[in-house]
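Novice: I'd like to ask you about the structure that follows.
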Amino acid sequence: MPDQQVVIYVNGSSISVPAGSMLSAALLMASAPCRISITGQPRTALCGMGICLECRAVVNGVLHTRTCQTVCQEGMRVETQP
Amino acid sequence: MKPMDVLVVGAGPAGLAAATAASRNGCRVAVLDDNPAAGGQIWRADITRPHHEDAARSAAIAAFHTSGAALLPGRRIVDVRSPSTLLAEAGGHFETYRWDRLILGTGARERFLPFPGWTLPGVFGAGGLQALVKGGYSVSGKRIVVAGTGPLLLAVAAHLREYGASTITVAEQASALQILPFAVSLMRSPGKLLQGAGYRKALGDTPYQTGCWPISAQGDEELRSVTLTDGKRTWTIECDLLACGFHLAPNTELAQLLGCTLQEGFVRVDTQQQTSVPNIYCAGEPTGIAGVDAAQVQGEIAGLAAADCNPIPTSLLARRAKEAAFGRRLTHAFRLRPEVLKLASQETIVCRCEDVTFGQLQTRSNWTDAKLHTRCGMGPCQGRICGAATEALFGWQPTSVRAPLFPVPVAAFCDETSSLNAPSAR
Ligand SMILES: Cc1cc2nc3c(=O)[nH]c(=O)nc-3n(C[C@H](O)[C@H](O)[C@H](O)COP(=O)(O)OP(=O)(O)OC[C@H]3O[C@@H](n4cnc5c(N)ncnc54)[C@H](O)[C@@H]3O)c2cc1C
Ligand code: FES
């Protein structure tokens with residue numbers, strides 16, 4: 001594991017993850033869904049490679065961000081996308 | 001004479017090899033990729049083991065950097081601006097890239113087949129879970145079922161075990177009889193045989209069950225168990241995660257948008273890897289699913305051809321033919337059994353973006369009809385996941401590709417601080 005950690009906020013709660021972690025991985029570590037589907041189902045990352053868009057979430061206020069291609073940055077705020 | 005500007009899309013094994021060959025032969029080369037780092041799928045950077053280097057990956061990336069080609073990561077090609085200009089989206093703004101020669105190394109994605117419960121949190125693609133683990137998701141101590149089809153299942157299971165997961169079983173839908181000729185043919189490729197043997201060894205006592213496939217996944221808010229069958233018997237396994245993929249499907253959308261002809265679902269190329277559109281080349285998985293060695297040799301040929309280095313060495317052409325034959329054997333060995341096309345129930349969601357069920361789609365006659373009446377394929381993935389599924393389930397052929405190829409943040413349309421010709425951006 002890389003020694004350095006970064007702190008991010010998942011649905012308001014802070015978690016510490018290894019520097020360089022993908023946001024999708026951090027959401028899984030925090031047991032938070034990435035988004036809620038149109039019929040109300042929680043969804044998490046599926047393809048891990050930017051294709052399926054199941055991993056989209058609200059990142060620093062920006063909707064529809066693919067978390068599987070976003071690297072965690074110190075202080076980043078991510079919310080489950082309604 | 002001004003050097004030729006070669007633009008490569010995709011920094012996987014194919015794109016890196018193409019860029020290296022073209023740059024070594026006097027072209028100004030830039031490689032764009034939508035990921036934060038180079039490597040594509042197989043060589044995806046592993047944040048948890050930054051010093052654990054794959055020899056082939058290190059060699060390819062070192063050769064690429066030495067060649068002087070530029071890497072422009074975090075950029076996704078979304079549209080074609082003019083016959084020789086592409087539009088990329090990068091961090092919420094647009095950039096345009098002009099080229100004299102274009103090489104497409106856009107790779108492949110996993111093919112998913114819907115079954116009851118496949119949308120539950122805890123169910124991932126097989127390569128998908130591997131990518132997430134490389135991105136920092138810890139699976140240590142997790143009980144995982146790996147299922148679906150293709151050699152990727154073994155690679156993924158071996159990888160998950162290395163990370164401390166308890167891989168309960170690997171369920172491969174193809175029968176032992178179907179895979180046997182392929183396994184025997186690996187004798188002709190000692191490198192691949194060794195790799196396969198290495199994965200098997202890493203799997204330890206995890207069973208590799210051929211002729212066995214998932215029929216449903218259970219859980220309320222998240223996965224609790226998976227039900228498998230061998231056609232005669234069904235049984236349920238309690239687990240934390242399911243990694244499930246049914247081999248690969250090529251990423252041909254950009255080639256299609258550029259007007260390149262497809263043949264049986266793959267980008268058609270000539271002996272120089274040139275597509276039906278002059279000066280546009282294609283290498284790697286979009287031309288046929290054949291693995292990393294095929295991707296690299298095709299990439300090298302495309303790079304040489306784009307740099308007008310003719311004739312292409314016969315040794316390269318021979319290697320390409322050998323790898324293509326491997327790809328054909330692979331596709332044949334892991335062909336889908338009819339049962340896995342019938343797993344969805346009426347309520348199973350097929351289009352995950354729009355939550356369209358199998359029952360809703362059953363009454364539609366084709367892809368366009370389904371899109372218009374159910375919104376299947378109209379969500380943000382633009383049919384990349386459900387398109388491959390409905391092709392397998394109903395034989396529907398997705399219609400033409402439309403720009404933008406991927407959803408673009410609204411901010412990008414407001415911010416036109418675009419431009420710069422890629423190669424001069426280094
Ligand atoms: C999820 C997954 C995991 C895999 N894991 C393994 C493995 O462990 N072992 C193995 O032997 N094989 C694996 N494979 C098979 C693998 O695809 C090939 O062996 C090899 O990576 C193919 O190389 P390539 O260069 O053709 O494509 P890729 O490696 O797929 O590279 C293509 C690159 O192009 C990028 N790209 C595509 N479209 C665009 C666009 N519009 N704009 C910008 N960038 C774009 C992609 O993000 C990607 O980085 C995996 C495949 C998948 C889908
Ligand atoms: S997990 Fe599929 S796009 Fe991110």
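Going by the structure tokens order, chains are called A, B, ..., each with residues numbered from 1, while ligands are numbered from 1 in the order shown.
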How close does each residue of chain A get to ligand 2, giving the shortest atom pair and distance in Å to one decimal for every residue with an atom at most 12 Å away, counting only C-alpha atoms and all ligand atoms, sorted by chain and residue number, as JSON lines?
Specialist:
{"residue": "A:Met22", "atom": "CA", "partner": "ligand 2", "partner_atom_place_in_ligand_line": "4 (Fe)", "distance": 10.0}
{"residue": "A:Leu23", "atom": "CA", "partner": "ligand 2", "partner_atom_place_in_ligand_line": "4 (Fe)", "distance": 9.7}
{"residue": "A:Ser24", "atom": "CA", "partner": "ligand 2", "partner_atom_place_in_ligand_line": "4 (Fe)", "distance": 7.2}
{"residue": "A:Ala25", "atom": "CA", "partner": "ligand 2", "partner_atom_place_in_ligand_line": "1 (S)", "distance": 9.7}
{"residue": "A:Leu27", "atom": "CA", "partner": "ligand 2", "partner_atom_place_in_ligand_line": "1 (S)", "distance": 11.4}
{"residue": "A:Leu28", "atom": "CA", "partner": "ligand 2", "partner_atom_place_in_ligand_line": "1 (S)", "distance": 11.3}
{"residue": "A:Pro33", "atom": "CA", "partner": "ligand 2", "partner_atom_place_in_ligand_line": "1 (S)", "distance": 11.7}
{"residue": "A:Cys34", "atom": "CA", "partner": "ligand 2", "partner_atom_place_in_ligand_line": "1 (S)", "distance": 9.4}
{"residue": "A:Arg35", "atom": "CA", "partner": "ligand 2", "partner_atom_place_in_ligand_line": "1 (S)", "distance": 11.3}
{"residue": "A:Arg43", "atom": "CA", "partner": "ligand 2", "partner_atom_place_in_ligand_line": "1 (S)", "distance": 9.9}
{"residue": "A:Thr44", "atom": "CA", "partner": "ligand 2", "partner_atom_place_in_ligand_line": "1 (S)", "distance": 7.4}
{"residue": "A:Ala45", "atom": "CA", "partner": "ligand 2", "partner_atom_place_in_ligand_line": "1 (S)", "distance": 3.8}
{"residue": "A:Leu46", "atom": "CA", "partner": "ligand 2", "partner_atom_place_in_ligand_line": "1 (S)", "distance": 4.5}
{"residue": "A:Cys47", "atom": "CA", "partner": "ligand 2", "partner_atom_place_in_ligand_line": "2 (Fe)", "distance": 4.0}
{"residue": "A:Gly48", "atom": "CA", "partner": "ligand 2", "partner_atom_place_in_ligand_line": "1 (S)", "distance": 3.8}
{"residue": "A:Met49", "atom": "CA", "partner": "ligand 2", "partner_atom_place_in_ligand_line": "2 (Fe)", "distance": 5.4}
{"residue": "A:Gly50", "atom": "CA", "partner": "ligand 2", "partner_atom_place_in_ligand_line": "3 (S)", "distance": 3.3}
{"residue": "A:Ile51", "atom": "CA", "partner": "ligand 2", "partner_atom_place_in_ligand_line": "3 (S)", "distance": 4.3}
{"residue": "A:Cys52", "atom": "CA", "partner": "ligand 2", "partner_atom_place_in_ligand_line": "2 (Fe)", "distance": 3.8}
{"residue": "A:Leu53", "atom": "CA", "partner": "ligand 2", "partner_atom_place_in_ligand_line": "3 (S)", "distance": 3.7}
{"residue": "A:Glu54", "atom": "CA", "partner": "ligand 2", "partner_atom_place_in_ligand_line": "2 (Fe)", "distance": 5.3}
{"residue": "A:Cys55", "atom": "CA", "partner": "ligand 2", "partner_atom_place_in_ligand_line": "4 (Fe)", "distance": 4.4}
{"residue": "A:Arg56", "atom": "CA", "partner": "ligand 2", "partner_atom_place_in_ligand_line": "4 (Fe)", "distance": 6.6}
{"residue": "A:Ala57", "atom": "CA", "partner": "ligand 2", "partner_atom_place_in_ligand_line": "4 (Fe)", "distance": 9.8}
{"residue": "A:His64", "atom": "CA", "partner": "ligand 2", "partner_atom_place_in_ligand_line": "3 (S)", "distance": 10.3}
{"residue": "A:Thr65", "atom": "CA", "partner": "ligand 2", "partner_atom_place_in_ligand_line": "4 (Fe)", "distance": 8.9}
{"residue": "A:Arg66", "atom": "CA", "partner": "ligand 2", "partner_atom_place_in_ligand_line": "4 (Fe)", "distance": 5.3}
{"residue": "A:Thr67", "atom": "CA", "partner": "ligand 2", "partner_atom_place_in_ligand_line": "4 (Fe)", "distance": 5.9}
{"residue": "A:Cys68", "atom": "CA", "partner": "ligand 2", "partner_atom_place_in_ligand_line": "4 (Fe)", "distance": 4.2}
{"residue": "A:Gln69", "atom": "CA", "partner": "ligand 2", "partner_atom_place_in_ligand_line": "4 (Fe)", "distance": 6.7}
{"residue": "A:Thr70", "atom": "CA", "partner": "ligand 2", "partner_atom_place_in_ligand_line": "4 (Fe)", "distance": 9.2}
Novice: For those residues, write N, CA and C atoms to a file as a PDB file, in the first residue's frame.
Specialist:
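File written: out.pdb
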ATOM      1  N   MET A  22      -9.053   5.451  -6.791  1.00  0.00           N
ATOM      2  CA  MET A  22     -10.141   5.911  -7.633  1.00  0.00           C
ATOM      3  C   MET A  22     -11.341   6.192  -6.727  1.00  0.00           C
ATOM      4  N   LEU A  23     -12.115   7.189  -7.106  1.00  0.00           N
ATOM      5  CA  LEU A  23     -13.273   7.560  -6.306  1.00  0.00           C
ATOM      6  C   LEU A  23     -14.291   6.416  -6.230  1.00  0.00           C
ATOM      7  N   SER A  24     -14.411   5.651  -7.307  1.00  0.00           N
ATOM      8  CA  SER A  24     -15.340   4.506  -7.309  1.00  0.00           C
ATOM      9  C   SER A  24     -14.943   3.510  -6.226  1.00  0.00           C
ATOM     10  N   ALA A  25     -13.646   3.270  -6.072  1.00  0.00           N
ATOM     11  CA  ALA A  25     -13.153   2.347  -5.054  1.00  0.00           C
ATOM     12  C   ALA A  25     -13.450   2.905  -3.661  1.00  0.00           C
ATOM     13  N   LEU A  27     -15.895   4.878  -2.815  1.00  0.00           N
ATOM     14  CA  LEU A  27     -17.333   4.743  -2.542  1.00  0.00           C
ATOM     15  C   LEU A  27     -17.646   3.320  -2.094  1.00  0.00           C
ATOM     16  N   LEU A  28     -17.002   2.342  -2.693  1.00  0.00           N
ATOM     17  CA  LEU A  28     -17.210   0.946  -2.284  1.00  0.00           C
ATOM     18  C   LEU A  28     -16.693   0.732  -0.868  1.00  0.00           C
ATOM     19  N   PRO A  33     -23.716   3.815  -2.266  1.00  0.00           N
ATOM     20  CA  PRO A  33     -24.009   3.652  -3.686  1.00  0.00           C
ATOM     21  C   PRO A  33     -23.537   4.875  -4.463  1.00  0.00           C
ATOM     22  N   CYS A  34     -23.218   4.689  -5.735  1.00  0.00           N
ATOM     23  CA  CYS A  34     -22.810   5.830  -6.557  1.00  0.00           C
ATOM     24  C   CYS A  34     -24.030   6.649  -6.934  1.00  0.00           C
ATOM     25  N   ARG A  35     -25.098   5.928  -7.303  1.00  0.00           N
ATOM     26  CA  ARG A  35     -26.298   6.657  -7.741  1.00  0.00           C
ATOM     27  C   ARG A  35     -27.530   5.831  -7.398  1.00  0.00           C
ATOM     28  N   ARG A  43     -27.107   1.773  -7.034  1.00  0.00           N
ATOM     29  CA  ARG A  43     -26.198   1.175  -8.013  1.00  0.00           C
ATOM     30  C   ARG A  43     -24.749   1.516  -7.652  1.00  0.00           C
ATOM     31  N   THR A  44     -23.885   0.566  -7.918  1.00  0.00           N
ATOM     32  CA  THR A  44     -22.443   0.802  -7.738  1.00  0.00           C
ATOM     33  C   THR A  44     -21.730   0.521  -9.062  1.00  0.00           C
ATOM     34  N   ALA A  45     -20.434   0.784  -9.109  1.00  0.00           N
ATOM     35  CA  ALA A  45     -19.642   0.622 -10.332  1.00  0.00           C
ATOM     36  C   ALA A  45     -19.782  -0.790 -10.888  1.00  0.00           C
ATOM     37  N   LEU A  46     -19.858  -0.902 -12.201  1.00  0.00           N
ATOM     38  CA  LEU A  46     -19.989  -2.216 -12.841  1.00  0.00           C
ATOM     39  C   LEU A  46     -18.754  -2.543 -13.693  1.00  0.00           C
ATOM     40  N   CYS A  47     -18.442  -1.671 -14.639  1.00  0.00           N
ATOM     41  CA  CYS A  47     -17.392  -2.005 -15.620  1.00  0.00           C
ATOM     42  C   CYS A  47     -16.006  -1.562 -15.171  1.00  0.00           C
ATOM     43  N   GLY A  48     -15.937  -0.561 -14.305  1.00  0.00           N
ATOM     44  CA  GLY A  48     -14.643  -0.075 -13.826  1.00  0.00           C
ATOM     45  C   GLY A  48     -13.801   0.631 -14.864  1.00  0.00           C
ATOM     46  N   MET A  49     -14.356   0.866 -16.062  1.00  0.00           N
ATOM     47  CA  MET A  49     -13.517   1.405 -17.136  1.00  0.00           C
ATOM     48  C   MET A  49     -14.171   2.507 -17.962  1.00  0.00           C
ATOM     49  N   GLY A  50     -15.166   3.200 -17.372  1.00  0.00           N
ATOM     50  CA  GLY A  50     -15.676   4.385 -18.065  1.00  0.00           C
ATOM     51  C   GLY A  50     -16.724   4.135 -19.127  1.00  0.00           C
ATOM     52  N   ILE A  51     -17.303   2.931 -19.160  1.00  0.00           N
ATOM     53  CA  ILE A  51     -18.233   2.582 -20.229  1.00  0.00           C
ATOM     54  C   ILE A  51     -19.698   2.609 -19.766  1.00  0.00           C
ATOM     55  N   CYS A  52     -19.973   2.019 -18.590  1.00  0.00           N
ATOM     56  CA  CYS A  52     -21.372   1.765 -18.202  1.00  0.00           C
ATOM     57  C   CYS A  52     -22.047   2.969 -17.545  1.00  0.00           C
ATOM     58  N   LEU A  53     -21.276   3.853 -16.976  1.00  0.00           N
ATOM     59  CA  LEU A  53     -21.768   5.043 -16.264  1.00  0.00           C
ATOM     60  C   LEU A  53     -22.610   4.749 -15.030  1.00  0.00           C
ATOM     61  N   GLU A  54     -22.575   3.519 -14.545  1.00  0.00           N
ATOM     62  CA  GLU A  54     -23.262   3.196 -13.292  1.00  0.00           C
ATOM     63  C   GLU A  54     -22.570   3.878 -12.121  1.00  0.00           C
ATOM     64  N   CYS A  55     -21.319   4.258 -12.283  1.00  0.00           N
ATOM     65  CA  CYS A  55     -20.536   4.816 -11.175  1.00  0.00           C
ATOM     66  C   CYS A  55     -20.669   6.321 -11.070  1.00  0.00           C
ATOM     67  N   ARG A  56     -21.593   6.918 -11.838  1.00  0.00           N
ATOM     68  CA  ARG A  56     -21.621   8.379 -11.800  1.00  0.00           C
ATOM     69  C   ARG A  56     -22.206   8.867 -10.479  1.00  0.00           C
ATOM     70  N   ALA A  57     -21.614   9.937  -9.987  1.00  0.00           N
ATOM     71  CA  ALA A  57     -22.004  10.510  -8.698  1.00  0.00           C
ATOM     72  C   ALA A  57     -21.769  12.017  -8.760  1.00  0.00           C
ATOM     73  N   HIS A  64     -23.126  13.671 -12.528  1.00  0.00           N
ATOM     74  CA  HIS A  64     -22.741  12.755 -13.605  1.00  0.00           C
ATOM     75  C   HIS A  64     -21.243  12.565 -13.761  1.00  0.00           C
ATOM     76  N   THR A  65     -20.479  12.676 -12.688  1.00  0.00           N
ATOM     77  CA  THR A  65     -19.029  12.456 -12.813  1.00  0.00           C
ATOM     78  C   THR A  65     -18.745  10.955 -12.717  1.00  0.00           C
ATOM     79  N   ARG A  66     -17.988  10.432 -13.698  1.00  0.00           N
ATOM     80  CA  ARG A  66     -17.624   9.005 -13.662  1.00  0.00           C
ATOM     81  C   ARG A  66     -16.579   8.819 -12.574  1.00  0.00           C
ATOM     82  N   THR A  67     -16.964   8.167 -11.490  1.00  0.00           N
ATOM     83  CA  THR A  67     -16.024   8.052 -10.382  1.00  0.00           C
ATOM     84  C   THR A  67     -14.923   7.016 -10.662  1.00  0.00           C
ATOM     85  N   CYS A  68     -15.154   6.121 -11.636  1.00  0.00           N
ATOM     86  CA  CYS A  68     -14.114   5.116 -11.916  1.00  0.00           C
ATOM     87  C   CYS A  68     -12.960   5.700 -12.706  1.00  0.00           C
ATOM     88  N   GLN A  69     -13.095   6.927 -13.158  1.00  0.00           N
ATOM     89  CA  GLN A  69     -11.974   7.566 -13.862  1.00  0.00           C
ATOM     90  C   GLN A  69     -11.563   8.863 -13.164  1.00  0.00           C
ATOM     91  N   THR A  70     -11.962   8.975 -11.904  1.00  0.00           N
ATOM     92  CA  THR A  70     -11.620  10.172 -11.129  1.00  0.00           C
ATOM     93  C   THR A  70     -10.739   9.762  -9.946  1.00  0.00           C
TER      94      THR A  70
END
Novice: Per DSSP on the backbone, what are the helix (DSSP H, G or I) residues of chain A, as an NGL selection string?
Specialist: :A and (23-29 or 67-69)
Novice: Considering only C-alpha atoms and all ligand atoms, state which residue in the set B:Ala70, B:Val292, B:Cys260, B:Ala90 is at the smallest distance from ligand 1.
Specialist: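 With only C-alpha atoms and all ligand atoms as the atom set, the closest residue is B:Val292.
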Novice: Please, what distance in Å, to one decimal, runs between atom CA of Ala202 of chain B and atom CA of Leu154 of chain B?
Specialist: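 Pair atom CA of Ala202 of chain B / atom CA of Leu154 of chain B returns 9.5 Å.
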Novice: Have a look at B:Ala176, B:Val340, B:Ala155, B:Cys309 and name the one nearest to ligand 1; count only C-alpha atoms and all ligand atoms.
Specialist: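 Of B:Ala176, B:Val340, B:Ala155, B:Cys309, the one nearest ligand 1 is B:Ala155, counting only C-alpha atoms and all ligand atoms.
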Novice: Could you write out as number ranges by chain the residues of chain B within 9 Å of chain A, counting only C-alpha atoms?
Specialist: B: 34-36, 41, 47-50, 74, 109-110, 119-138, 221-222, 352-355, 380-385, 406-407, 409
Novice: Which is closer to ligand 1 than all the others in B:Ala171, B:Ala62, B:Ala305, B:Val297, using only C-alpha atoms and all ligand atoms?
Specialist: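 Distance minimum relative to ligand 1 lands on B:Val297.
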Novice: Kindly give the distance, in Å, that separates atom CA of Ala411 of chain B and atom CA of Thr96 of chain B, rounded to a single decimal.
Specialist: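 Computed distance, atom CA of Ala411 of chain B to atom CA of Thr96 of chain B, equals 16.3 Å.
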Novice: Name the residues in contact with Thr271 of chain B at a cut-off of 10 Å, using only C-alpha atoms, excluding same-chain residues fewer than 5 positions from it; report them as a ChimeraX atom specification.
Specialist: /B:298,301-302,305,312,317,320
Novice: Mind checking which residues fall within 12 Å of Asn279 of chain B, counting only C-alpha atoms, ignoring those fewer than 4 positions away in the same chain, and posting them as a PyMOL selection string?
Specialist: chain B and resi 4-8+83-84+99-104+258+260+269-270+272-275+302-303+305-308
Novice: What is the distance between atom CA of Glu162 of chain B and atom CA of Arg200 of chain B, in Å to one decimal?
Specialist: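 For atom CA of Glu162 of chain B relative to atom CA of Arg200 of chain B, the distance reads 12.3 Å.
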Novice: Tell me which protein, DNA and RNA residues are within 10 Å of Trp118 of chain B, counting only C-alpha atoms, leaving out same-chain ones fewer than 5 positions away, and put them as a PDB file with N, CA, C and O atoms, in the first residue's frame.
Specialist:
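After the write, out_24.pdb holds the following:
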ATOM      1  N   LEU A  46     -19.858  -0.902 -12.201  1.00  0.00           N
ATOM      2  CA  LEU A  46     -19.989  -2.216 -12.841  1.00  0.00           C
ATOM      3  C   LEU A  46     -18.754  -2.543 -13.693  1.00  0.00           C
ATOM      4  O   LEU A  46     -18.107  -3.568 -13.484  1.00  0.00           O
TER       5      LEU A  46
ATOM      6  N   PHE B 112     -21.887  -8.009 -21.051  1.00  0.00           N
ATOM      7  CA  PHE B 112     -22.707  -8.392 -19.908  1.00  0.00           C
ATOM      8  C   PHE B 112     -24.004  -9.005 -20.404  1.00  0.00           C
ATOM      9  O   PHE B 112     -24.590  -8.506 -21.359  1.00  0.00           O
ATOM     10  N   LEU B 113     -24.430 -10.061 -19.762  1.00  0.00           N
ATOM     11  CA  LEU B 113     -25.732 -10.664 -20.071  1.00  0.00           C
ATOM     12  C   LEU B 113     -26.593 -10.546 -18.828  1.00  0.00           C
ATOM     13  O   LEU B 113     -26.154 -10.891 -17.728  1.00  0.00           O
ATOM     14  N   VAL B 123     -22.445  -6.918  -7.342  1.00  0.00           N
ATOM     15  CA  VAL B 123     -22.233  -7.624  -8.610  1.00  0.00           C
ATOM     16  C   VAL B 123     -21.434  -6.686  -9.524  1.00  0.00           C
ATOM     17  O   VAL B 123     -21.829  -5.540  -9.741  1.00  0.00           O
ATOM     18  N   PHE B 124     -20.323  -7.193 -10.024  1.00  0.00           N
ATOM     19  CA  PHE B 124     -19.426  -6.394 -10.865  1.00  0.00           C
ATOM     20  C   PHE B 124     -19.122  -7.146 -12.143  1.00  0.00           C
ATOM     21  O   PHE B 124     -19.315  -8.360 -12.219  1.00  0.00           O
ATOM     22  N   GLY B 125     -18.557  -6.453 -13.113  1.00  0.00           N
ATOM     23  CA  GLY B 125     -17.927  -7.149 -14.218  1.00  0.00           C
ATOM     24  C   GLY B 125     -16.710  -7.875 -13.660  1.00  0.00           C
ATOM     25  O   GLY B 125     -16.209  -7.515 -12.588  1.00  0.00           O
ATOM     26  N   PRO B 214     -24.051 -18.742 -13.869  1.00  0.00           N
ATOM     27  CA  PRO B 214     -24.938 -18.171 -12.847  1.00  0.00           C
ATOM     28  C   PRO B 214     -26.346 -18.058 -13.403  1.00  0.00           C
ATOM     29  O   PRO B 214     -26.512 -17.735 -14.586  1.00  0.00           O
ATOM     30  N   ILE B 215     -27.354 -18.331 -12.592  1.00  0.00           N
ATOM     31  CA  ILE B 215     -28.729 -18.100 -13.068  1.00  0.00           C
ATOM     32  C   ILE B 215     -29.410 -16.959 -12.313  1.00  0.00           C
ATOM     33  O   ILE B 215     -30.332 -16.352 -12.822  1.00  0.00           O
ATOM     34  N   SER B 216     -28.938 -16.662 -11.103  1.00  0.00           N
ATOM     35  CA  SER B 216     -29.491 -15.495 -10.407  1.00  0.00           C
ATOM     36  C   SER B 216     -28.565 -15.072  -9.270  1.00  0.00           C
ATOM     37  O   SER B 216     -27.737 -15.866  -8.802  1.00  0.00           O
ATOM     38  N   ALA B 217     -28.752 -13.815  -8.860  1.00  0.00           N
ATOM     39  CA  ALA B 217     -28.025 -13.280  -7.704  1.00  0.00           C
ATOM     40  C   ALA B 217     -29.085 -12.778  -6.737  1.00  0.00           C
ATOM     41  O   ALA B 217     -30.079 -12.187  -7.162  1.00  0.00           O
ATOM     42  N   GLN B 218     -28.895 -13.046  -5.457  1.00  0.00           N
ATOM     43  CA  GLN B 218     -29.892 -12.678  -4.463  1.00  0.00           C
ATOM     44  C   GLN B 218     -29.337 -11.672  -3.455  1.00  0.00           C
ATOM     45  O   GLN B 218     -28.129 -11.673  -3.181  1.00  0.00           O
ATOM     46  N   LEU B 223     -25.694  -7.758  -2.521  1.00  0.00           N
ATOM     47  CA  LEU B 223     -25.585  -9.189  -2.823  1.00  0.00           C
ATOM     48  C   LEU B 223     -25.388 -10.033  -1.568  1.00  0.00           C
ATOM     49  O   LEU B 223     -24.604  -9.682  -0.676  1.00  0.00           O
ATOM     50  N   VAL B 226     -25.364 -16.281  -4.710  1.00  0.00           N
ATOM     51  CA  VAL B 226     -25.437 -16.488  -6.160  1.00  0.00           C
ATOM     52  C   VAL B 226     -25.902 -17.915  -6.397  1.00  0.00           C
ATOM     53  O   VAL B 226     -25.449 -18.833  -5.713  1.00  0.00           O
ATOM     54  N   LEU B 242     -19.841 -10.835  -6.570  1.00  0.00           N
ATOM     55  CA  LEU B 242     -19.868 -11.657  -7.777  1.00  0.00           C
ATOM     56  C   LEU B 242     -19.161 -10.865  -8.874  1.00  0.00           C
ATOM     57  O   LEU B 242     -19.506  -9.710  -9.131  1.00  0.00           O
ATOM     58  N   CYS B 244     -18.619 -10.989 -12.722  1.00  0.00           N
ATOM     59  CA  CYS B 244     -19.231 -11.741 -13.815  1.00  0.00           C
ATOM     60  C   CYS B 244     -19.169 -11.006 -15.155  1.00  0.00           C
ATOM     61  O   CYS B 244     -19.661  -9.886 -15.283  1.00  0.00           O
ATOM     62  N   ALA B 344     -32.665 -13.955 -18.212  1.00  0.00           N
ATOM     63  CA  ALA B 344     -33.488 -12.842 -17.722  1.00  0.00           C
ATOM     64  C   ALA B 344     -34.937 -13.281 -17.522  1.00  0.00           C
ATOM     65  O   ALA B 344     -35.484 -14.024 -18.331  1.00  0.00           O
ATOM     66  N   THR B 348     -36.411  -8.721 -14.952  1.00  0.00           N
ATOM     67  CA  THR B 348     -34.978  -8.399 -14.965  1.00  0.00           C
ATOM     68  C   THR B 348     -34.712  -7.142 -15.784  1.00  0.00           C
ATOM     69  O   THR B 348     -35.177  -7.025 -16.927  1.00  0.00           O
ATOM     70  N   ILE B 349     -33.967  -6.220 -15.201  1.00  0.00           N
ATOM     71  CA  ILE B 349     -33.606  -5.002 -15.920  1.00  0.00           C
ATOM     72  C   ILE B 349     -32.550  -5.343 -16.964  1.00  0.00           C
ATOM     73  O   ILE B 349     -31.568  -6.022 -16.674  1.00  0.00           O
ATOM     74  N   VAL B 350     -32.779  -4.901 -18.195  1.00  0.00           N
ATOM     75  CA  VAL B 350     -31.795  -5.123 -19.262  1.00  0.00           C
ATOM     76  C   VAL B 350     -31.007  -3.823 -19.493  1.00  0.00           C
ATOM     77  O   VAL B 350     -29.789  -3.836 -19.569  1.00  0.00           O
ATOM     78  N   ARG B 352     -29.776  -0.710 -17.862  1.00  0.00           N
ATOM     79  CA  ARG B 352     -29.564  -0.236 -16.497  1.00  0.00           C
ATOM     80  C   ARG B 352     -29.708   1.270 -16.375  1.00  0.00           C
ATOM     81  O   ARG B 352     -30.024   1.779 -15.289  1.00  0.00           O
TER      82      ARG B 352
END
Novice: Looking only at the backbone, which of the residues in chain A does DSSP tag as strand (DSSP E or B), as a VMD selection string?
Specialist: chain A and resid 5 to 10 13 to 18 22 35 to 36 42 to 43 56 to 59 62 to 66 71 77 to 79 81
Novice: Can you list, as a list of chain:residue names, every protein, DNA or RNA residue that comes within 6 Å of segment 4-15 of chain A when you count only C-alpha atoms, leaving out same-chain residues fewer than 4 positions away?
Specialist: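 After dropping sequence-adjacent residues, the list is A:Ala19, A:Glu74, A:Gly75, A:Met76, A:Arg77, A:Val78, A:Glu79.
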Novice: For Asn25 of chain B, work out the shell of residues within 8 Å, counting only C-alpha atoms and skipping chain neighbours fewer than 2 positions away, then give it as JSON, numbers by chain.
Specialist: {"B": [21, 22, 23, 27, 304, 307, 309]}
